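For reference, data25.cif is printed below; it contains mmCIF, C-alpha atoms.
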```
data_target
loop_
_atom_site.label_atom_id
_atom_site.label_comp_id
_atom_site.auth_asym_id
_atom_site.auth_seq_id
_atom_site.Cartn_x
_atom_site.Cartn_y
_atom_site.Cartn_z
CA LYS A 23 101.37 45.60 150.48
CA ASN A 24 97.84 46.77 151.09
CA GLU A 25 96.12 47.68 147.84
CA VAL A 26 93.60 50.48 148.05
CA GLU A 27 90.94 51.31 145.51
CA GLN A 28 88.49 54.15 145.43
CA SER A 29 85.38 54.79 143.41
CA PRO A 30 84.38 56.81 141.65
CA GLN A 31 87.54 58.48 140.37
CA ASN A 32 85.68 61.64 139.51
CA LEU A 33 82.32 62.85 140.66
CA THR A 34 80.31 65.88 139.71
CA ALA A 35 77.24 66.72 141.74
CA GLN A 36 74.73 69.50 142.05
CA GLU A 37 74.61 71.48 145.24
CA GLY A 38 72.43 69.76 147.80
CA GLU A 39 72.95 66.24 146.51
CA PHE A 40 73.90 63.33 148.74
CA ILE A 41 77.34 62.02 147.83
CA THR A 42 78.99 58.67 148.47
CA ILE A 43 82.64 57.83 147.92
CA ASN A 44 83.84 54.27 148.37
CA CYS A 45 87.13 52.77 149.45
CA SER A 46 88.14 49.12 149.42
CA TYR A 47 91.39 47.56 150.51
CA SER A 48 93.01 44.16 150.30
CA VAL A 49 94.51 43.52 153.74
CA GLY A 50 92.66 43.61 157.05
CA ILE A 51 93.37 46.74 159.04
CA SER A 52 92.78 48.23 162.44
CA ALA A 53 91.97 51.77 161.33
CA LEU A 54 91.35 53.76 158.18
CA HIS A 55 91.69 57.46 157.47
CA TRP A 56 89.69 59.71 155.22
CA LEU A 57 91.53 62.80 154.05
CA GLN A 58 90.43 65.85 152.12
CA GLN A 59 92.84 67.59 149.78
CA HIS A 60 91.90 71.06 148.64
CA PRO A 61 92.76 72.44 145.19
CA GLY A 62 95.78 74.23 146.66
CA GLY A 63 97.09 70.89 147.91
CA GLY A 64 96.54 71.22 151.65
CA ILE A 65 95.53 68.03 153.41
CA VAL A 66 92.87 67.89 156.11
CA SER A 67 92.26 64.77 158.11
CA LEU A 68 88.51 64.12 158.20
CA PHE A 69 88.15 60.84 160.01
CA MET A 70 90.07 58.02 161.54
CA LEU A 71 87.82 55.05 162.15
CA SER A 72 88.24 51.44 163.09
CA SER A 73 84.63 50.27 163.26
CA GLY A 74 81.07 51.33 162.66
CA LYS A 75 80.34 54.89 161.82
CA LYS A 76 81.49 58.42 162.61
CA LYS A 77 79.79 61.72 161.89
CA HIS A 78 81.17 65.24 161.75
CA GLY A 79 78.65 67.79 160.60
CA ARG A 80 77.53 66.85 157.10
CA LEU A 81 80.17 64.16 156.75
CA ILE A 82 79.59 60.55 157.67
CA ALA A 83 82.13 57.76 157.42
CA THR A 84 81.37 54.07 157.76
CA ILE A 85 83.60 51.05 157.75
CA ASN A 86 82.98 47.33 157.41
CA ILE A 87 86.11 45.56 158.59
CA GLN A 88 84.91 42.12 157.45
CA GLU A 89 84.21 43.32 153.93
CA LYS A 90 87.32 45.56 153.85
CA HIS A 91 85.27 48.50 152.73
CA SER A 92 84.63 52.05 153.85
CA SER A 93 82.37 54.79 152.58
CA LEU A 94 82.40 58.53 152.98
CA HIS A 95 79.07 60.29 152.66
CA ILE A 96 78.41 63.99 152.29
CA THR A 97 74.91 65.19 152.95
CA ALA A 98 73.54 68.42 151.48
CA SER A 99 76.69 68.92 149.41
CA HIS A 100 78.01 72.41 148.84
CA PRO A 101 80.50 73.85 146.33
CA ARG A 102 83.01 74.28 149.15
CA ASP A 103 83.06 70.47 149.46
CA SER A 104 84.80 70.36 146.09
CA ALA A 105 88.12 68.64 146.73
CA VAL A 106 89.93 65.35 146.34
CA TYR A 107 88.97 62.78 148.96
CA ILE A 108 91.56 60.16 149.81
CA CYS A 109 91.33 57.07 151.95
CA ALA A 110 94.47 55.79 153.65
CA VAL A 111 95.02 52.41 155.24
CA PRO A 112 97.91 51.05 157.26
CA ASN A 113 100.60 49.15 155.47
CA TYR A 114 102.99 46.79 157.19
CA GLY A 115 104.52 48.63 160.09
CA GLN A 116 103.15 52.06 160.79
CA ASN A 117 103.14 53.77 157.44
CA PHE A 118 100.10 54.15 155.22
CA VAL A 119 99.04 53.35 151.69
CA PHE A 120 96.83 55.92 150.03
CA GLY A 121 94.02 55.40 147.60
CA PRO A 122 94.17 57.21 144.27
CA GLY A 123 91.62 59.75 145.43
CA THR A 124 88.17 60.79 144.28
CA ARG A 125 87.90 64.21 142.71
CA LEU A 126 84.61 65.80 143.70
CA SER A 127 83.13 68.87 142.06
CA VAL A 128 79.94 70.30 143.50
CA LEU A 129 78.23 72.74 141.17
CA PRO A 130 76.12 75.60 142.48
CA GLY B 28 92.71 66.41 168.50
CA ALA B 29 96.40 66.13 167.78
CA VAL B 30 97.83 68.68 165.39
CA VAL B 31 100.72 68.43 163.00
CA SER B 32 102.06 71.52 161.30
CA GLN B 33 104.37 71.95 158.35
CA HIS B 34 106.46 74.91 157.42
CA PRO B 35 106.60 76.40 154.94
CA SER B 36 103.29 75.68 153.23
CA ARG B 37 104.69 76.82 149.89
CA VAL B 38 108.24 77.43 148.75
CA ILE B 39 109.80 78.39 145.44
CA CYS B 40 113.53 77.94 145.02
CA LYS B 41 116.11 77.98 142.26
CA SER B 42 117.78 74.90 140.87
CA GLY B 43 120.82 73.91 142.85
CA THR B 44 119.71 75.34 146.15
CA SER B 45 118.59 73.37 149.19
CA VAL B 46 115.24 73.63 150.87
CA LYS B 47 114.28 72.56 154.38
CA ILE B 48 110.74 71.55 155.29
CA GLU B 49 109.73 71.24 158.93
CA CYS B 50 107.14 68.92 160.40
CA ARG B 51 106.06 69.54 163.97
CA SER B 52 103.70 67.75 166.29
CA LEU B 53 102.19 70.58 168.26
CA ASP B 54 100.52 68.92 171.20
CA PHE B 55 101.87 65.42 171.38
CA GLN B 56 105.12 63.53 171.22
CA ALA B 57 105.70 61.69 167.99
CA THR B 58 108.10 58.78 168.11
CA THR B 59 107.72 58.24 164.40
CA MET B 60 107.12 60.62 161.55
CA PHE B 61 106.60 59.73 157.92
CA TRP B 62 107.38 61.75 154.85
CA TYR B 63 105.26 61.36 151.74
CA ARG B 64 105.47 62.84 148.29
CA GLN B 65 102.69 63.44 145.82
CA PHE B 66 103.33 63.75 142.11
CA PRO B 67 100.78 65.68 140.04
CA LYS B 68 97.48 63.83 139.83
CA LYS B 69 98.98 60.84 141.63
CA SER B 70 98.49 59.30 145.01
CA LEU B 71 100.74 59.96 147.97
CA MET B 72 103.82 57.78 148.13
CA LEU B 73 105.91 57.04 151.21
CA MET B 74 109.43 58.40 150.98
CA ALA B 75 110.87 57.59 154.38
CA THR B 76 110.15 56.73 157.98
CA SER B 77 111.78 58.91 160.60
CA ASN B 78 112.30 57.76 164.17
CA GLU B 79 113.42 60.16 166.86
CA GLY B 80 117.11 59.88 167.54
CA SER B 81 117.91 57.43 164.78
CA LYS B 82 118.56 57.40 161.07
CA ALA B 83 115.60 57.50 158.75
CA THR B 84 114.56 54.46 156.77
CA TYR B 85 114.14 55.27 153.10
CA GLU B 86 111.86 53.54 150.65
CA GLN B 87 113.33 51.93 147.59
CA GLY B 88 114.17 54.44 144.93
CA VAL B 89 114.40 57.42 147.29
CA GLU B 90 117.88 58.94 147.40
CA LYS B 91 118.88 59.43 151.00
CA ASP B 92 121.63 61.87 150.07
CA LYS B 93 119.13 63.94 148.14
CA PHE B 94 116.38 63.94 150.73
CA LEU B 95 117.98 64.42 154.12
CA ILE B 96 115.75 63.64 157.05
CA ASN B 97 116.47 64.59 160.62
CA HIS B 98 114.28 63.73 163.61
CA ALA B 99 116.10 65.43 166.42
CA SER B 100 113.26 65.59 168.92
CA LEU B 101 109.90 64.02 169.64
CA THR B 102 108.13 67.01 168.12
CA LEU B 103 110.20 67.90 165.07
CA SER B 104 111.32 66.20 161.90
CA THR B 105 112.90 68.00 158.97
CA LEU B 106 113.20 67.08 155.32
CA THR B 107 115.91 68.85 153.36
CA VAL B 108 115.86 68.63 149.60
CA THR B 109 119.48 69.15 148.59
CA SER B 110 120.62 70.59 145.28
CA ALA B 111 117.03 70.84 144.15
CA HIS B 112 116.07 70.23 140.54
CA PRO B 113 112.81 71.03 138.77
CA GLU B 114 111.84 67.34 138.94
CA ASP B 115 111.86 67.65 142.73
CA SER B 116 108.89 70.00 142.44
CA SER B 117 106.14 68.24 144.28
CA PHE B 118 103.82 68.24 147.26
CA TYR B 119 105.44 66.88 150.43
CA ILE B 120 103.40 65.74 153.40
CA CYS B 121 104.39 64.46 156.79
CA SER B 122 102.45 62.44 159.29
CA ALA B 123 103.18 61.56 162.89
CA THR B 124 102.22 58.83 165.31
CA THR B 125 101.83 59.12 169.04
CA LEU B 126 103.72 57.07 171.55
CA ASP B 127 100.79 54.89 172.50
CA SER B 128 99.08 54.03 169.24
CA SER B 129 100.76 53.11 166.00
CA TYR B 130 97.66 53.55 163.88
CA GLU B 131 96.54 56.91 165.14
CA GLN B 132 98.35 59.00 162.59
CA TYR B 133 98.04 62.71 162.22
CA PHE B 134 98.75 64.36 158.91
CA GLY B 135 100.39 67.68 158.28
CA PRO B 136 98.81 70.07 155.75
CA GLY B 137 101.62 69.61 153.25
CA THR B 138 104.28 71.76 151.60
CA ARG B 139 104.27 72.60 147.91
CA LEU B 140 107.78 72.89 146.54
CA THR B 141 108.43 74.49 143.17
CA VAL B 142 111.95 74.44 141.80
CA THR B 143 112.61 76.86 138.97
#
```

Using the file provided, produce a representation of the structure as structure tokens.
Amino acid sequence: KNEVEQSPQNLTAQEGEFITINCSYSVGISALHWLQQHPGGGIVSLFMLSSGKKKHGRLIATINIQEKHSSLHITASHPRDSAVYICAVPNYGQNFVFGPGTRLSVLP
Amino acid sequence: GAVVSQHPSRVICKSGTSVKIECRSLDFQATTMFWYRQFPKKSLMLMATSNEGSKATYEQGVEKDKFLINHASLTLSTLTVTSAHPEDSSFYICSATTLDSSYEQYFGPGTRLTVT
């Protein structure tokens, strides 16, 4: 089974700060997902990436397949970015294993 | 991009009743859908894999008679929690894969079930 770790577990930042969340996994993969879970529970898929880097607005995701590591960056953070960020990697077959999540709080 | 919807987004039911949660792929055909459950402050855990037209495959420890899964078409899978108990209260999420790529998964927004 693919083991997934995230760091930090919890993160508090001031509005405007640059934020980095890390994800590492134990088994080589072809693609990794970053998900955002809002306080109400709803899940939003932010990125699916298999190499290099992707950017959507203030969010940037990078992945290093050789090092089995991915990072999610948030530039110019805002209180509305407060959420739990989860990375998910494929397990054997098609299902996914989820990281424990990083709880982000951005203070105004 | 591909969209997966879930309905309802929130449901409250009484103990002993059954609740059905729908997962739909809105603009693509999903050969496989997955159902996950999230306990409070825990990570998502796979419950079962649902393939269109065949019986679902349940993970160890998940009661198949309790959590009935039906995948009748390429765009719809349902999870029915039968004879619900308060310990079934949880957040349930589905995901779906397209026909041509097993690792392009699309996640539904989730359904919060509260059993009173």

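Picture a line from CA of Phe40 (chain A) to CA of Leu54 (chain A); it runs 22.0 Å.
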
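Atom to atom, CA of Glu25 (chain A) and CA of Lys77 (chain A) stand 25.7 Å apart.
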
Taking only residues of chain B that have an atom at most 10 Å from an atom of chain A, what is each one's shortest atom pair and its distance in Å to one decimal, using all atoms listed in the file, in chain and number order, as a Markdown table?
```
| residue | atom | partner | partner_atom | distance |
| --- | --- | --- | --- | --- |
| B:Val30 | CA | A:Ser67 | CA | 10.0 |
| B:Ser36 | CA | A:Gly64 | CA | 8.2 |
| B:Arg37 | CA | A:Gly62 | CA | 9.8 |
| B:Thr59 | CA | A:Gln116 | CA | 8.5 |
| B:Met60 | CA | A:Asn117 | CA | 8.9 |
| B:Phe61 | CA | A:Asn117 | CA | 6.9 |
| B:Trp62 | CA | A:Asn117 | CA | 9.4 |
| B:Tyr63 | CA | A:Phe118 | CA | 9.5 |
| B:Gln65 | CA | A:Gly63 | CA | 9.6 |
| B:Lys68 | CA | A:Pro122 | CA | 8.6 |
| B:Lys69 | CA | A:Pro122 | CA | 6.6 |
| B:Ser70 | CA | A:Pro122 | CA | 4.9 |
| B:Leu71 | CA | A:Phe120 | CA | 6.0 |
| B:Met72 | CA | A:Val119 | CA | 7.4 |
| B:Leu73 | CA | A:Asn117 | CA | 7.6 |
| B:Ala75 | CA | A:Asn117 | CA | 9.1 |
| B:Thr76 | CA | A:Asn117 | CA | 7.6 |
| B:Phe118 | CA | A:Gly63 | CA | 7.3 |
| B:Tyr119 | CA | A:Gly63 | CA | 9.6 |
| B:Ile120 | CA | A:Ile65 | CA | 8.2 |
| B:Ser122 | CA | A:Asn117 | CA | 8.9 |
| B:Ala123 | CA | A:Asn117 | CA | 9.5 |
| B:Thr124 | CA | A:Gln116 | CA | 8.2 |
| B:Ser128 | CA | A:Gln116 | CA | 9.6 |
| B:Ser129 | CA | A:Gln116 | CA | 5.8 |
| B:Tyr130 | CA | A:Gln116 | CA | 6.5 |
| B:Glu131 | CA | A:Met70 | CA | 7.5 |
| B:Gln132 | CA | A:Met70 | CA | 8.4 |
| B:Tyr133 | CA | A:Ser67 | CA | 7.4 |
| B:Phe134 | CA | A:Ser67 | CA | 6.6 |
| B:Gly135 | CA | A:Ile65 | CA | 6.9 |
| B:Pro136 | CA | A:Ile65 | CA | 4.5 |
| B:Gly137 | CA | A:Gly64 | CA | 5.6 |
| B:Thr138 | CA | A:Gly64 | CA | 7.8 |
| B:Arg139 | CA | A:Gly63 | CA | 7.4 |
```

Distance cut-off 8 Å, centre (119.2, 78.0, 142.9) in file coordinates, counting all atoms listed in the file: which residues qualify? Return them as an mmCIF file with C-alpha atoms, keeping the file's coordinate frame.
```
data_model
loop_
_atom_site.group_PDB
_atom_site.id
_atom_site.type_symbol
_atom_site.label_atom_id
_atom_site.label_comp_id
_atom_site.auth_asym_id
_atom_site.auth_seq_id
_atom_site.Cartn_x
_atom_site.Cartn_y
_atom_site.Cartn_z
ATOM 1 C CA CYS B 40 113.530 77.940 145.020
ATOM 2 C CA LYS B 41 116.110 77.980 142.260
ATOM 3 C CA SER B 42 117.780 74.900 140.870
ATOM 4 C CA GLY B 43 120.820 73.910 142.850
ATOM 5 C CA THR B 44 119.710 75.340 146.150
ATOM 6 C CA SER B 45 118.590 73.370 149.190
ATOM 7 C CA SER B 110 120.620 70.590 145.280
ATOM 8 C CA ALA B 111 117.030 70.840 144.150
ATOM 9 C CA THR B 143 112.610 76.860 138.970
#
```

Q.
Show me the residues close to (108.6, 71.1, 142.4) - anything with an atom within 6 Å, counting only C-alpha atoms - and format the list as a list in words.
A.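 Output of the proximity query reads Pro113, Asp115, Ser116, Ser117, Leu140, Thr141 and Val142 of chain B.
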
Q | Shortest interatomic distance to Gly80 (chain B) - which of B:Cys121, B:Thr107, B:Phe94, B:Ser100, counting only C-alpha atoms | A |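 Among the listed residues, B:Ser100 lies closest to Gly80 (chain B).
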
Q.
So that I can see what lies close to Lys75 (chain A), please list as a ChimeraX atom specification the residues with an atom at most 9 Å from it, counting only C-alpha atoms and leaving out residues fewer than 4 positions away in the same chain.
A. /A:71,82-85

**Q.** Of the listed residues A:Ala105, A:Val26, A:Leu126, A:Ile96, that which approaches Gly38 (chain A) most closely, counting only C-alpha atoms
**A.**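 Of all the options, A:Ile96 lies closest to Gly38 (chain A).
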
Taking the file as shown, find all residues satisfying the PyMOL selection byres ((chain B and resi 79) around 9) and write them as a PDB file with C-alpha atoms, in the coordinates of the input.
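Saved to expr-v9.pdb:
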```pdb
ATOM      1  CA  ALA B  57     105.700  61.690 167.990  1.00  0.00           C
ATOM      2  CA  THR B  58     108.100  58.780 168.110  1.00  0.00           C
ATOM      3  CA  THR B  59     107.720  58.240 164.400  1.00  0.00           C
ATOM      4  CA  MET B  60     107.120  60.620 161.550  1.00  0.00           C
ATOM      5  CA  SER B  77     111.780  58.910 160.600  1.00  0.00           C
ATOM      6  CA  ASN B  78     112.300  57.760 164.170  1.00  0.00           C
ATOM      7  CA  GLY B  80     117.110  59.880 167.540  1.00  0.00           C
ATOM      8  CA  SER B  81     117.910  57.430 164.780  1.00  0.00           C
ATOM      9  CA  LYS B  82     118.560  57.400 161.070  1.00  0.00           C
ATOM     10  CA  ALA B  83     115.600  57.500 158.750  1.00  0.00           C
ATOM     11  CA  ASN B  97     116.470  64.590 160.620  1.00  0.00           C
ATOM     12  CA  HIS B  98     114.280  63.730 163.610  1.00  0.00           C
ATOM     13  CA  ALA B  99     116.100  65.430 166.420  1.00  0.00           C
ATOM     14  CA  SER B 100     113.260  65.590 168.920  1.00  0.00           C
ATOM     15  CA  LEU B 101     109.900  64.020 169.640  1.00  0.00           C
ATOM     16  CA  THR B 102     108.130  67.010 168.120  1.00  0.00           C
ATOM     17  CA  LEU B 103     110.200  67.900 165.070  1.00  0.00           C
ATOM     18  CA  SER B 104     111.320  66.200 161.900  1.00  0.00           C
TER      19      SER B 104
END
```

Adding 6 Å on each side of the box along x, y and z that holds all listed atoms of region 75-94 of chain B, could you give its centre and edge lengths in Å to one decimal, as JSON?
```
{"center_x": 115.9, "center_y": 57.9, "center_z": 156.2, "size_x": 23.5, "size_y": 24.0, "size_z": 34.6}
```

At a cut-off of 8 Å, using all atoms listed in the file, what residues contact Val49 (chain A)? Leave out same-chain residues fewer than 4 positions from it and give the result as a PDB file with C-alpha atoms, in the coordinates of the input.
```pdb
ATOM      1  CA  LYS A  23     101.370  45.600 150.480  1.00  0.00           C
ATOM      2  CA  ASN A  24      97.840  46.770 151.090  1.00  0.00           C
ATOM      3  CA  GLU A  25      96.120  47.680 147.840  1.00  0.00           C
ATOM      4  CA  LYS A  90      87.320  45.560 153.850  1.00  0.00           C
TER       5      LYS A  90
END
```

Q | Atom-to-atom span, CA of Ser104 (chain A) and CA of Ile87 (chain A), Å | A |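 So the two atoms, CA of Ser104 (chain A) and CA of Ile87 (chain A), lie 27.8 Å apart.
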
Q) If we count all atoms listed in the file, what is near Val31 (chain B) at a cut-off of 6 Å, once residues fewer than 4 positions away on the same chain are taken out, given as a ChimeraX atom specification? A) /B:51-53,135

Q | Using all atoms listed in the file: which of B:Ile96, B:His112, B:Tyr85, B:Ser32 has the shortest distance to Asp54 (chain B) | A |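 Of B:Ile96, B:His112, B:Tyr85, B:Ser32, the one nearest Asp54 (chain B) is B:Ser32, counting all atoms listed in the file.
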
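The residues returned by the PyMOL selection byres ((chain A and resi 28) around 10) for this structure are Val26, Glu27, Ser29, Pro30, Gln31, Asn32, Ile43, Asn44, Cys45, Ser46, Tyr47, His91, Ser92, Ser93, Tyr107, Ile108, Cys109, Phe120, Gly121, Pro122, Gly123 and Thr124 of chain A.
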
Q | Distance query Arg102 (chain A) at most 10 Å, all atoms listed in the file, self and fewer than 4 positions along chain excluded, as number ranges by chain | A | A: 37, 60, 127-130

Q.
Residue by residue, what does the PyMOL selection byres ((chain B and resi 47) around 8) grab here? Present the result as a list in words.
A.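 With the PyMOL selection byres ((chain B and resi 47) around 8) on this model, the match is Ser45, Val46, Ile48, Glu49, Thr105, Leu106, Thr107 and Val108 of chain B.
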
Only N, CA, C and O atoms, as a PDB file, in the first residue's frame: that is what I want for region 85-112 of chain A.
```
ATOM      1  N   ILE A  85       5.702  18.575  -8.585  1.00  0.00           N
ATOM      2  CA  ILE A  85       5.917  17.177  -8.242  1.00  0.00           C
ATOM      3  C   ILE A  85       7.283  16.739  -8.732  1.00  0.00           C
ATOM      4  O   ILE A  85       7.728  17.152  -9.819  1.00  0.00           O
ATOM      5  N   ASN A  86       7.958  15.936  -7.901  1.00  0.00           N
ATOM      6  CA  ASN A  86       9.232  15.337  -8.275  1.00  0.00           C
ATOM      7  C   ASN A  86       9.040  13.833  -8.163  1.00  0.00           C
ATOM      8  O   ASN A  86       9.034  13.276  -7.065  1.00  0.00           O
ATOM      9  N   ILE A  87       8.835  13.207  -9.304  1.00  0.00           N
ATOM     10  CA  ILE A  87       8.525  11.779  -9.329  1.00  0.00           C
ATOM     11  C   ILE A  87       9.672  10.945  -8.751  1.00  0.00           C
ATOM     12  O   ILE A  87       9.448   9.983  -8.024  1.00  0.00           O
ATOM     13  N   GLN A  88      10.908  11.351  -9.061  1.00  0.00           N
ATOM     14  CA  GLN A  88      12.075  10.574  -8.592  1.00  0.00           C
ATOM     15  C   GLN A  88      12.170  10.611  -7.070  1.00  0.00           C
ATOM     16  O   GLN A  88      12.489   9.623  -6.430  1.00  0.00           O
ATOM     17  N   GLU A  89      11.893  11.780  -6.504  1.00  0.00           N
ATOM     18  CA  GLU A  89      11.991  11.915  -5.049  1.00  0.00           C
ATOM     19  C   GLU A  89      10.691  11.562  -4.338  1.00  0.00           C
ATOM     20  O   GLU A  89      10.611  11.633  -3.116  1.00  0.00           O
ATOM     21  N   LYS A  90       9.639  11.253  -5.115  1.00  0.00           N
ATOM     22  CA  LYS A  90       8.343  10.894  -4.528  1.00  0.00           C
ATOM     23  C   LYS A  90       7.852  12.007  -3.597  1.00  0.00           C
ATOM     24  O   LYS A  90       7.504  11.778  -2.429  1.00  0.00           O
ATOM     25  N   HIS A  91       7.802  13.192  -4.146  1.00  0.00           N
ATOM     26  CA  HIS A  91       7.461  14.345  -3.332  1.00  0.00           C
ATOM     27  C   HIS A  91       6.698  15.365  -4.172  1.00  0.00           C
ATOM     28  O   HIS A  91       6.995  15.573  -5.357  1.00  0.00           O
ATOM     29  N   SER A  92       5.722  15.980  -3.543  1.00  0.00           N
ATOM     30  CA  SER A  92       4.969  17.045  -4.207  1.00  0.00           C
ATOM     31  C   SER A  92       4.765  18.182  -3.216  1.00  0.00           C
ATOM     32  O   SER A  92       4.696  17.961  -2.007  1.00  0.00           O
ATOM     33  N   SER A  93       4.671  19.378  -3.739  1.00  0.00           N
ATOM     34  CA  SER A  93       4.393  20.543  -2.902  1.00  0.00           C
ATOM     35  C   SER A  93       3.248  21.348  -3.492  1.00  0.00           C
ATOM     36  O   SER A  93       3.080  21.420  -4.713  1.00  0.00           O
ATOM     37  N   LEU A  94       2.480  21.921  -2.591  1.00  0.00           N
ATOM     38  CA  LEU A  94       1.420  22.850  -2.983  1.00  0.00           C
ATOM     39  C   LEU A  94       1.773  24.208  -2.392  1.00  0.00           C
ATOM     40  O   LEU A  94       2.029  24.322  -1.195  1.00  0.00           O
ATOM     41  N   HIS A  95       1.828  25.205  -3.241  1.00  0.00           N
ATOM     42  CA  HIS A  95       2.156  26.556  -2.794  1.00  0.00           C
ATOM     43  C   HIS A  95       0.951  27.467  -2.991  1.00  0.00           C
ATOM     44  O   HIS A  95       0.229  27.352  -3.989  1.00  0.00           O
ATOM     45  N   ILE A  96       0.770  28.354  -2.039  1.00  0.00           N
ATOM     46  CA  ILE A  96      -0.259  29.388  -2.166  1.00  0.00           C
ATOM     47  C   ILE A  96       0.435  30.730  -2.047  1.00  0.00           C
ATOM     48  O   ILE A  96       1.086  31.021  -1.033  1.00  0.00           O
ATOM     49  N   THR A  97       0.312  31.526  -3.069  1.00  0.00           N
ATOM     50  CA  THR A  97       0.902  32.865  -3.015  1.00  0.00           C
ATOM     51  C   THR A  97      -0.150  33.867  -2.553  1.00  0.00           C
ATOM     52  O   THR A  97      -1.352  33.674  -2.780  1.00  0.00           O
ATOM     53  N   ALA A  98       0.321  34.908  -1.874  1.00  0.00           N
ATOM     54  CA  ALA A  98      -0.582  35.971  -1.397  1.00  0.00           C
ATOM     55  C   ALA A  98      -1.809  35.370  -0.716  1.00  0.00           C
ATOM     56  O   ALA A  98      -2.956  35.607  -1.129  1.00  0.00           O
ATOM     57  N   SER A  99      -1.579  34.589   0.312  1.00  0.00           N
ATOM     58  CA  SER A  99      -2.675  33.852   0.964  1.00  0.00           C
ATOM     59  C   SER A  99      -3.749  34.796   1.480  1.00  0.00           C
ATOM     60  O   SER A  99      -3.499  35.959   1.830  1.00  0.00           O
ATOM     61  N   HIS A 100      -4.957  34.242   1.544  1.00  0.00           N
ATOM     62  CA  HIS A 100      -6.140  35.007   1.930  1.00  0.00           C
ATOM     63  C   HIS A 100      -6.937  34.153   2.908  1.00  0.00           C
ATOM     64  O   HIS A 100      -6.895  32.918   2.836  1.00  0.00           O
ATOM     65  N   PRO A 101      -7.693  34.806   3.815  1.00  0.00           N
ATOM     66  CA  PRO A 101      -8.498  34.002   4.756  1.00  0.00           C
ATOM     67  C   PRO A 101      -9.393  32.985   4.072  1.00  0.00           C
ATOM     68  O   PRO A 101      -9.669  31.920   4.633  1.00  0.00           O
ATOM     69  N   ARG A 102      -9.853  33.249   2.875  1.00  0.00           N
ATOM     70  CA  ARG A 102     -10.716  32.274   2.206  1.00  0.00           C
ATOM     71  C   ARG A 102      -9.956  31.015   1.773  1.00  0.00           C
ATOM     72  O   ARG A 102     -10.575  30.023   1.363  1.00  0.00           O
ATOM     73  N   ASP A 103      -8.624  31.048   1.870  1.00  0.00           N
ATOM     74  CA  ASP A 103      -7.833  29.849   1.575  1.00  0.00           C
ATOM     75  C   ASP A 103      -7.841  28.878   2.760  1.00  0.00           C
ATOM     76  O   ASP A 103      -7.333  27.756   2.645  1.00  0.00           O
ATOM     77  N   SER A 104      -8.387  29.320   3.880  1.00  0.00           N
ATOM     78  CA  SER A 104      -8.425  28.460   5.056  1.00  0.00           C
ATOM     79  C   SER A 104      -9.238  27.204   4.760  1.00  0.00           C
ATOM     80  O   SER A 104     -10.408  27.287   4.391  1.00  0.00           O
ATOM     81  N   ALA A 105      -8.601  26.063   4.908  1.00  0.00           N
ATOM     82  CA  ALA A 105      -9.224  24.784   4.555  1.00  0.00           C
ATOM     83  C   ALA A 105      -8.243  23.681   4.925  1.00  0.00           C
ATOM     84  O   ALA A 105      -7.145  23.951   5.416  1.00  0.00           O
ATOM     85  N   VAL A 106      -8.661  22.469   4.692  1.00  0.00           N
ATOM     86  CA  VAL A 106      -7.748  21.329   4.821  1.00  0.00           C
ATOM     87  C   VAL A 106      -7.303  20.939   3.409  1.00  0.00           C
ATOM     88  O   VAL A 106      -8.141  20.775   2.516  1.00  0.00           O
ATOM     89  N   TYR A 107      -6.017  20.791   3.227  1.00  0.00           N
ATOM     90  CA  TYR A 107      -5.466  20.436   1.925  1.00  0.00           C
ATOM     91  C   TYR A 107      -4.956  19.000   2.001  1.00  0.00           C
ATOM     92  O   TYR A 107      -4.199  18.635   2.900  1.00  0.00           O
ATOM     93  N   ILE A 108      -5.397  18.200   1.052  1.00  0.00           N
ATOM     94  CA  ILE A 108      -5.135  16.764   1.076  1.00  0.00           C
ATOM     95  C   ILE A 108      -4.471  16.346  -0.229  1.00  0.00           C
ATOM     96  O   ILE A 108      -4.924  16.735  -1.310  1.00  0.00           O
ATOM     97  N   CYS A 109      -3.401  15.576  -0.115  1.00  0.00           N
ATOM     98  CA  CYS A 109      -2.857  14.984  -1.332  1.00  0.00           C
ATOM     99  C   CYS A 109      -3.311  13.532  -1.419  1.00  0.00           C
ATOM    100  O   CYS A 109      -3.516  12.870  -0.397  1.00  0.00           O
ATOM    101  N   ALA A 110      -3.521  13.078  -2.629  1.00  0.00           N
ATOM    102  CA  ALA A 110      -4.010  11.716  -2.858  1.00  0.00           C
ATOM    103  C   ALA A 110      -3.166  11.076  -3.950  1.00  0.00           C
ATOM    104  O   ALA A 110      -2.922  11.692  -4.996  1.00  0.00           O
ATOM    105  N   VAL A 111      -2.743   9.853  -3.699  1.00  0.00           N
ATOM    106  CA  VAL A 111      -1.918   9.149  -4.678  1.00  0.00           C
ATOM    107  C   VAL A 111      -2.538   7.799  -4.992  1.00  0.00           C
ATOM    108  O   VAL A 111      -3.232   7.211  -4.161  1.00  0.00           O
ATOM    109  N   PRO A 112      -2.296   7.293  -6.198  1.00  0.00           N
ATOM    110  CA  PRO A 112      -2.886   6.013  -6.557  1.00  0.00           C
ATOM    111  C   PRO A 112      -2.352   4.884  -5.688  1.00  0.00           C
ATOM    112  O   PRO A 112      -1.186   4.849  -5.320  1.00  0.00           O
TER     113      PRO A 112
END
```
